[in-house]
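Engineer: For reference, the structure I am asking about is given below.
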Amino acid sequence: MSLTYLDAIREAQAHALRDDPRVFIYGQDVGAFGGAFKATRNLAQEFPGRVLDAPISEDAIVGLAVGAAIEGLRPILEMQFADFCSVGFNQIVNQAATLFWRTNVPCPITIRLPFGGTSGAGPFHSQTPETIYAHYPGLIVLTPATVEDAYAMLLEAVAIDDPVIFCEHKLLYRHLKAEKLPTEALPIGKARIAREGRDLTIVAYSAMVQDALEAAVELAAEGWQIEIVDLRSVKPLDTDTVIASVARTGKLLCVGEAWPWGGVTAEVIARVMSEGFGLLDAPPQRLNAKDTPVPFHPNLWAAHRPTVRAIAAAARKILRH
Amino acid sequence: MPQIHIIMPQLGESIAEARIVQFLVKPGDQVEADQDLIEVETDKATTTVASPCKGRLEFFSAQLNESYAVDTSLGLIEASPEEAARLGMDVTAPQKGSEGDSSFSTYKGNGGKSRVLPTVRGLPVPANAAGASYLSPRLKARMDELGLHAADLAGVAGSGAAGRVTVEDFEKYIASLEKQKMSGASSMRVAVADAMRRSWTRPLATVGLPVALDAVLAHRKTCEPKPGPALYALRALALALAENSAPAGRLVGSKIVHPSAIDVGFAVEADDGVLVPVLRGADKKPLKDLTARYNELVELARQRKLPPDATGGSVATVTNFGTFGLVWATPIPLPEQTLVLGLGAGRKMPWWDEAKGQFVPVMEAYLTLSFDHRVLDGGAAGRLLQRIAQLISQPDSL
């Protein structure tokens with residue numbers, strides 16, 4: 001049996017619905033239609049009354065979920081595209097993120113964001129807005145890069161009492177496959193060494209981990225041993241694992257699909273500079289998307305986001321320093 | 001008609017900008033290719049900017065007495081299409097500004113003055129900075145951990161960008177050392193090494209001249225206790241500096257710090273190093289009153305029992321390398337000093353005696369003066385050394 005990243009997300013939701021009667025799914029077309037990407041296929045039939053179609057209002061979707069959470073339920077929300085989640089932004093950052101802080105009432109909402117670029121998707125269906133949510137205290141932001149993590153981390157997201165922004169990469173939905181679902185996983189907030197090496201640390205998350213792994217194979221043919229840290233969760237950020245890796249390699253490249261201004265890659269470098277300056281044998285670098293809206297044309301899109309080739313080129317520059 | 005910019009040329013490797021001194025033609029003039037148009041001045045020389053082509057000068061965008069960066073446009077020349085084609089311009093493309101529009105307005109007046117651009121661009125480390133010159137934070141931290149200085153990396157070939165020593169190079173070097181026999185350097189050796197390393201950060205130069213020691217040797221026989229030849233040199237140096245202390249000044253930033261007293265040190269070889277006891281106010285006391293104290297300090301230094309007030313704070317040092325049979329040497333001044341006076345071994349040499357019309361035997365020794373070339377030049381060092389030689393030749397006056 002072979003499972004995709006998307007299957008893992010569906011299975012995790014089924015598992016959560018089965019395990020916990022407080023869990024329900026709410027989103028546009030998640031019911032009979034099974035979701036825009038079929039991440040909730042057949043769940044409405046399997047769990048009658050607990051997989052509910054929402055009106056086209058992200059604001060209302062999140063607002064309803066906050067109320068349900070106050071009443072003791074554990075909603076899983078699906079945004080059709082992460083790009084549209086900005087319509088529900090106020091409810092997320094002002095209501096959900098601050099609720100426990102203000103009232104001591106927990107807010108266990110999981111908001112699933114199908115995010116990231118795919119060929120031809122353009123500016124409204126490609127964004128990677130994890131940085132914006134990570135900026136706000138009170139939110140947890142998860143970015144699984146593997147089928148196993150997509151399953152295990154979504155289950156944990158539902159179990160956590162804080163609001164979780166669960167960023168699932170659309171490019172991985174059908175491309176990434178695994179043999180079986182995991183029975184154990186690293187805890188949330190712990191990064192994973194996706195590949196061991198001694199010459200350079202590449203820190204990445206979500207789909208960029210897969211591109212970085214490919215770049216590492218290319219560089220291995222040139223004799224370089226690249227260590228890859230998969231952040232898994234961008235908030236909380238596992239600085240210890242990153243610093244420990246830089247201590248081994250002395251060099252750092254951060255790769256993110258998001259725009260360069262501020263962001264996760266900048267945060268990682270800031271932390272390494274202030275806590276691990278003496279470990280660096282070369283100036284740390286970051287590789288991000290270009291600072292423009294995401295282009296439609298596949299050629300422009302390939303030039304816009306970090307590619308395997310761009311990652312390998314950036315890595316070589318640091319390795320030769 | 002095509003318009004061609006007059007561009008500030010690259011006037012020298014390290015020149016980033018030049019100042020307009022004079023315009024040699026005026027707008028409307030017909031100019032030839034390579035004709036001098038503008039006189040400009042850099043911090044090194046005055047030179048001219050030549051016309052890029054034949055044509056009519058439209059205007060100068062540059063202003064008198066203003067500085068402009070290399071590659072800045074200084075004005076426009078209207079040239080014939082043939083002339084423009086000769087310069088490689090695409091004359092078929094519509095020329096912006098040919099109808100007198102405002103496209104070139106940015107080149108008029110001060111608005112056209114571009115920012116001075118750095119001469120070195122685009123490289124993570126300077127291109128010629130080979131070897132140990134660039135140390136990464138990691139390498140610095142590792143060296144601090146092991147108590148090493150940049151000078152310790154002199155023997156390591158760097159494999160990084162522009163030949164920098166990477167942390168891997170460093171670890172390999174350290175590992176290779178561990179295969180060889182190692183012994184601990186004495187604290188004295190480490191202190192001398194540190195002083196020499198700090199001193200060597202300056203541009204040091206040495207001048208020398210021969211002196212006749214016969215008068216000194218004759219004078220010495222009349223004294224009890226007998227002063228050593230180095231003490232004569234020391235006293236002569238002290239008197240010369242009392243006349244003019246400027247050569248012993250230290251350069252700190254943009255200031256010369258003058259010595260407050262003529263305290264002169266002298267080098268004494270001790271176990272595995274050199275000590276420098278100090279004679280305070282060496283210009284104030286005659287030679288005969290300095291001898292006993294000098295001999296006492298030599299003895300204390302050899303026993304390594306110098307009192308605190310007899311070390312440090314001197315303005316110059318005398319070293320008698322002649323005791324090792326050396327005729328010439330280029331000693332290094334202490335890091336906090338500008339001067340070190342050296343005395344070579346005496347040898348009988350034939351000197352030409354003009355009065356007698358023949359060679360006469362003379363006990364000759366070389367005096368050397370090593371100095372910080374930032375503070376004084378060969379001329380000033382030479383005059384000081386001449387004065388010292390003159391004083392030594394009259395030992396009665398010391």
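Chain lettering (A, B, ...) mirrors the order of the structure tokens, residue numbering begins at 1 for each chain separately, and ligand numbering begins at 1 in order of display.
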Near chain B, which residues of chain A fall within 8 Å when you count only C-alpha atoms, and what do they look like as a VMD selection string?

Structural biologist: chain A and resid 250 277 to 282 320 to 321

Engineer: Include C-alpha atoms and write out the residues we just selected as a PDB file, in the first residue's frame.

Structural biologist:
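Saved to out-v5.pdb:
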ATOM      1  CA  GLY A 250      30.436  25.849  10.561  1.00  0.00           C
ATOM      2  CA  PHE A 277      28.441  33.572  16.079  1.00  0.00           C
ATOM      3  CA  GLY A 278      31.641  31.834  17.081  1.00  0.00           C
ATOM      4  CA  LEU A 279      30.548  28.674  15.266  1.00  0.00           C
ATOM      5  CA  LEU A 280      30.401  30.300  11.835  1.00  0.00           C
ATOM      6  CA  ASP A 281      33.220  29.816   9.358  1.00  0.00           C
ATOM      7  CA  ALA A 282      31.361  31.698   6.611  1.00  0.00           C
ATOM      8  CA  ARG A 320      33.892  27.786  -1.377  1.00  0.00           C
ATOM      9  CA  HIS A 321      34.106  30.684   1.052  1.00  0.00           C
TER      10      HIS A 321
END

Engineer: Extract, using only C-alpha atoms, all DNA, RNA and protein residues at most 7 Å from B:Leu57, discarding same-chain residues fewer than 4 positions from it, and format them as a list in words.

Structural biologist: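 In the requested form, the answer reads Pro27, Gly28, Asp29, Gln30, Val31, Leu76, Ile77 and Glu78 of chain B.
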
Engineer: May I ask which of the residues A:Thr201, A:Asn288, A:Gln127, A:Thr40 is the closest one to A:Ile9, counting only C-alpha atoms?

Structural biologist: A:Thr40

Engineer: What is the distance between atom CA of A:Glu148 and atom CA of A:Lys180, in Å to one decimal?

Structural biologist: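 Answer for the atom CA of A:Glu148 to atom CA of A:Lys180 separation: 8.1 Å.
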
Engineer: Rank B:Ser80, B:Gln35, B:Thr330, B:Thr47 by their smallest atom-to-atom distance to B:Pro2, using only C-alpha atoms, and report the top residue only.

Structural biologist: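 Of B:Ser80, B:Gln35, B:Thr330, B:Thr47, the one nearest B:Pro2 is B:Ser80, counting only C-alpha atoms.
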
Engineer: Just give me the gap between atom CA of B:Tyr68 and atom CA of B:Ser254 in Å, one decimal is fine.

Structural biologist: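 We find that atom CA of B:Tyr68 and atom CA of B:Ser254 lie 27.3 Å from each other.
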
Engineer: Which parts of stretch 35-185 of chain A does DSSP call strand (DSSP E or B) when run on the backbone here, written out as a short mmCIF file (atom, residue, chain, number, x, y, z; two decimals) with N, CA and C atoms, in the first residue's frame?

Structural biologist:
data_model
loop_
_atom_site.label_atom_id
_atom_site.label_comp_id
_atom_site.auth_asym_id
_atom_site.auth_seq_id
_atom_site.Cartn_x
_atom_site.Cartn_y
_atom_site.Cartn_z
N VAL A 51 -18.86 16.76 9.69
CA VAL A 51 -18.05 17.36 8.62
C VAL A 51 -18.98 18.32 7.89
N LEU A 52 -18.81 19.62 8.18
CA LEU A 52 -19.84 20.58 7.82
C LEU A 52 -19.37 21.59 6.79
N ASP A 53 -20.24 21.81 5.77
CA ASP A 53 -19.93 22.83 4.78
C ASP A 53 -20.16 24.22 5.36
N ARG A 74 -13.34 20.83 19.46
CA ARG A 74 -12.00 20.94 18.87
C ARG A 74 -12.12 20.96 17.35
N PRO A 75 -12.45 22.12 16.79
CA PRO A 75 -12.69 22.19 15.35
C PRO A 75 -11.42 22.08 14.50
N ILE A 76 -11.54 21.40 13.35
CA ILE A 76 -10.50 21.43 12.31
C ILE A 76 -11.09 22.24 11.17
N LEU A 77 -10.42 23.34 10.80
CA LEU A 77 -10.92 24.19 9.72
C LEU A 77 -10.08 23.96 8.47
N GLU A 78 -10.76 23.95 7.33
CA GLU A 78 -10.01 23.91 6.08
C GLU A 78 -10.21 25.22 5.34
N THR A 110 -7.64 23.85 14.94
CA THR A 110 -6.62 23.55 13.94
C THR A 110 -7.08 24.14 12.62
N ILE A 111 -6.26 25.04 12.06
CA ILE A 111 -6.62 25.66 10.79
C ILE A 111 -5.70 25.11 9.71
N ARG A 112 -6.28 24.32 8.81
CA ARG A 112 -5.47 23.72 7.74
C ARG A 112 -5.34 24.68 6.58
N LEU A 113 -4.08 24.98 6.21
CA LEU A 113 -3.81 25.92 5.13
C LEU A 113 -3.13 25.20 3.97
N PRO A 114 -3.87 24.82 2.92
CA PRO A 114 -3.17 24.30 1.73
C PRO A 114 -2.37 25.47 1.15
N PHE A 115 -1.05 25.40 1.21
CA PHE A 115 -0.24 26.56 0.84
C PHE A 115 0.86 26.15 -0.13
N ILE A 140 0.55 28.43 17.02
CA ILE A 140 1.58 27.45 16.69
C ILE A 140 1.52 27.26 15.19
N VAL A 141 2.68 27.24 14.53
CA VAL A 141 2.69 27.15 13.06
C VAL A 141 3.50 25.94 12.64
N LEU A 142 2.83 24.98 12.01
CA LEU A 142 3.48 23.72 11.63
C LEU A 142 3.62 23.62 10.12
N VAL A 164 -3.64 26.19 16.13
CA VAL A 164 -2.53 25.75 15.30
C VAL A 164 -2.80 26.11 13.84
N ILE A 165 -1.80 26.73 13.21
CA ILE A 165 -1.86 26.97 11.77
C ILE A 165 -1.09 25.82 11.13
N PHE A 166 -1.81 24.96 10.41
CA PHE A 166 -1.22 23.74 9.86
C PHE A 166 -1.02 23.94 8.36
N CYS A 167 0.25 24.19 7.96
CA CYS A 167 0.55 24.53 6.57
C CYS A 167 0.90 23.26 5.80
N GLU A 168 -0.01 22.86 4.85
CA GLU A 168 0.23 21.66 4.05
C GLU A 168 0.61 22.11 2.66
N HIS A 169 1.71 21.58 2.14
CA HIS A 169 2.17 22.06 0.84
C HIS A 169 1.44 21.34 -0.30
N LYS A 177 5.10 10.18 -1.40
CA LYS A 177 4.46 8.92 -1.02
C LYS A 177 5.23 8.22 0.09
N ALA A 178 4.50 7.43 0.88
CA ALA A 178 5.14 6.61 1.91
C ALA A 178 4.45 5.25 1.92
#

Engineer: Neighbours of stretch 303-313 of chain A within 10 Å (only C-alpha atoms; same-chain residues fewer than 4 positions away dropped), as a PyMOL selection string?

Structural biologist: chain A and resi 117+202+208+210-219+253-259+286-295+297-299+317-319

Engineer: I need the residues from that last selection saved to file as a PDB file, in the first residue's frame (with C-alpha atoms), if you can.

Structural biologist:
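Done, and the output landed in part30.pdb:
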ATOM      1  CA  GLY A 117       3.282  27.274  -5.135  1.00  0.00           C
ATOM      2  CA  ILE A 202      20.865  23.663   5.098  1.00  0.00           C
ATOM      3  CA  MET A 208      11.897  23.080   0.406  1.00  0.00           C
ATOM      4  CA  GLN A 210      12.571  17.878  -0.512  1.00  0.00           C
ATOM      5  CA  ASP A 211      14.348  20.311  -2.875  1.00  0.00           C
ATOM      6  CA  ALA A 212      17.238  20.680  -0.431  1.00  0.00           C
ATOM      7  CA  LEU A 213      17.556  16.883  -0.209  1.00  0.00           C
ATOM      8  CA  GLU A 214      17.811  16.701  -4.002  1.00  0.00           C
ATOM      9  CA  ALA A 215      20.421  19.478  -3.996  1.00  0.00           C
ATOM     10  CA  ALA A 216      22.363  17.540  -1.347  1.00  0.00           C
ATOM     11  CA  VAL A 217      22.467  14.486  -3.629  1.00  0.00           C
ATOM     12  CA  GLU A 218      23.801  16.671  -6.433  1.00  0.00           C
ATOM     13  CA  LEU A 219      26.448  18.167  -4.131  1.00  0.00           C
ATOM     14  CA  LEU A 253      22.156  28.197   4.356  1.00  0.00           C
ATOM     15  CA  CYS A 254      18.475  28.801   5.102  1.00  0.00           C
ATOM     16  CA  VAL A 255      15.962  28.027   2.393  1.00  0.00           C
ATOM     17  CA  GLY A 256      12.345  29.166   2.381  1.00  0.00           C
ATOM     18  CA  GLU A 257       9.686  29.383  -0.286  1.00  0.00           C
ATOM     19  CA  ALA A 258       8.249  32.516   1.346  1.00  0.00           C
ATOM     20  CA  TRP A 259       9.280  36.034   0.430  1.00  0.00           C
ATOM     21  CA  ARG A 286      19.435  32.586   2.958  1.00  0.00           C
ATOM     22  CA  LEU A 287      17.607  31.716  -0.184  1.00  0.00           C
ATOM     23  CA  ASN A 288      14.003  32.756  -0.626  1.00  0.00           C
ATOM     24  CA  ALA A 289      11.483  33.457  -3.327  1.00  0.00           C
ATOM     25  CA  LYS A 290      11.967  36.720  -5.222  1.00  0.00           C
ATOM     26  CA  ASP A 291      10.378  39.744  -3.601  1.00  0.00           C
ATOM     27  CA  THR A 292       7.512  39.965  -6.108  1.00  0.00           C
ATOM     28  CA  PRO A 293       4.011  38.479  -6.297  1.00  0.00           C
ATOM     29  CA  VAL A 294       4.072  34.845  -7.453  1.00  0.00           C
ATOM     30  CA  PRO A 295       4.034  34.704 -11.279  1.00  0.00           C
ATOM     31  CA  HIS A 297       3.893  31.530 -16.111  1.00  0.00           C
ATOM     32  CA  PRO A 298       5.674  28.255 -15.279  1.00  0.00           C
ATOM     33  CA  ASN A 299       9.055  29.601 -16.447  1.00  0.00           C
ATOM     34  CA  LYS A 317      29.091  29.665  -2.905  1.00  0.00           C
ATOM     35  CA  ILE A 318      29.175  29.160   0.855  1.00  0.00           C
ATOM     36  CA  LEU A 319      31.214  25.964   0.615  1.00  0.00           C
TER      37      LEU A 319
END

Engineer: Do a neighbour search on B:Ala150 at 10 Å with only C-alpha atoms, toss out local chain neighbours closer than 6 positions, and write the hits as a VMD selection string.

Structural biologist: chain B and resid 132 to 135 140 143 197

Engineer: Just C-alpha atoms for this one: save the residues we selected as a PDB file, in the first residue's frame.

Structural biologist:
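Saved file result_0.pdb follows:
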ATOM      1  CA  ALA B 132      45.718  34.381   7.360  1.00  0.00           C
ATOM      2  CA  SER B 133      44.447  37.901   6.741  1.00  0.00           C
ATOM      3  CA  TYR B 134      40.726  37.103   6.980  1.00  0.00           C
ATOM      4  CA  LEU B 135      39.653  35.171  10.042  1.00  0.00           C
ATOM      5  CA  LYS B 140      38.869  33.377  15.774  1.00  0.00           C
ATOM      6  CA  MET B 143      42.232  30.300  18.069  1.00  0.00           C
ATOM      7  CA  ARG B 197      54.435  40.486  17.078  1.00  0.00           C
TER       8      ARG B 197
END

Engineer: Point out the residue among B:Ala18, B:Leu300, B:Leu343, B:Leu376 with the least atom-to-atom distance to B:Leu231, counting only C-alpha atoms.

Structural biologist: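 For B:Leu231, the nearest of the given residues is B:Leu343.
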
Engineer: Using only C-alpha atoms, which of the listed residues (A:Pro163, A:Gly49, A:Gly116, A:Pro284) sits closest to A:Ala314?

Structural biologist: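 When distances to A:Ala314 are compared using only C-alpha atoms, the smallest one comes from A:Pro284.
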
Engineer: Just list the residues in stretch 204-261 of chain B DSSP gives alpha helix (DSSP H) on the backbone, as a ChimeraX atom specification.

Structural biologist: /B:214-221,229-243

Engineer: I need the chosen residues saved as a compact mmCIF listing (two decimals), in the first residue's frame, with C-alpha atoms.

Structural biologist:
# COMPACT_ATOMS: atom_id res chain seq x y z
CA ASP B 214 89.10 54.75 19.76
CA ALA B 215 88.15 57.85 21.76
CA VAL B 216 85.58 55.84 23.74
CA LEU B 217 88.06 53.05 24.48
CA ALA B 218 90.71 55.56 25.60
CA HIS B 219 88.21 57.41 27.80
CA ARG B 220 87.00 54.14 29.26
CA LYS B 221 90.45 53.31 30.63
CA PRO B 229 80.51 50.75 25.20
CA ALA B 230 76.70 50.43 25.21
CA LEU B 231 76.47 52.96 28.01
CA TYR B 232 78.36 55.50 25.89
CA ALA B 233 75.83 54.91 23.12
CA LEU B 234 72.97 55.14 25.60
CA ARG B 235 74.20 58.44 27.03
CA ALA B 236 74.78 59.86 23.54
CA LEU B 237 71.24 58.85 22.53
CA ALA B 238 69.83 60.47 25.69
CA LEU B 239 71.65 63.75 25.03
CA ALA B 240 70.59 63.79 21.38
CA LEU B 241 66.96 63.21 22.38
CA ALA B 242 67.21 65.91 25.08
CA GLU B 243 68.10 68.35 22.29
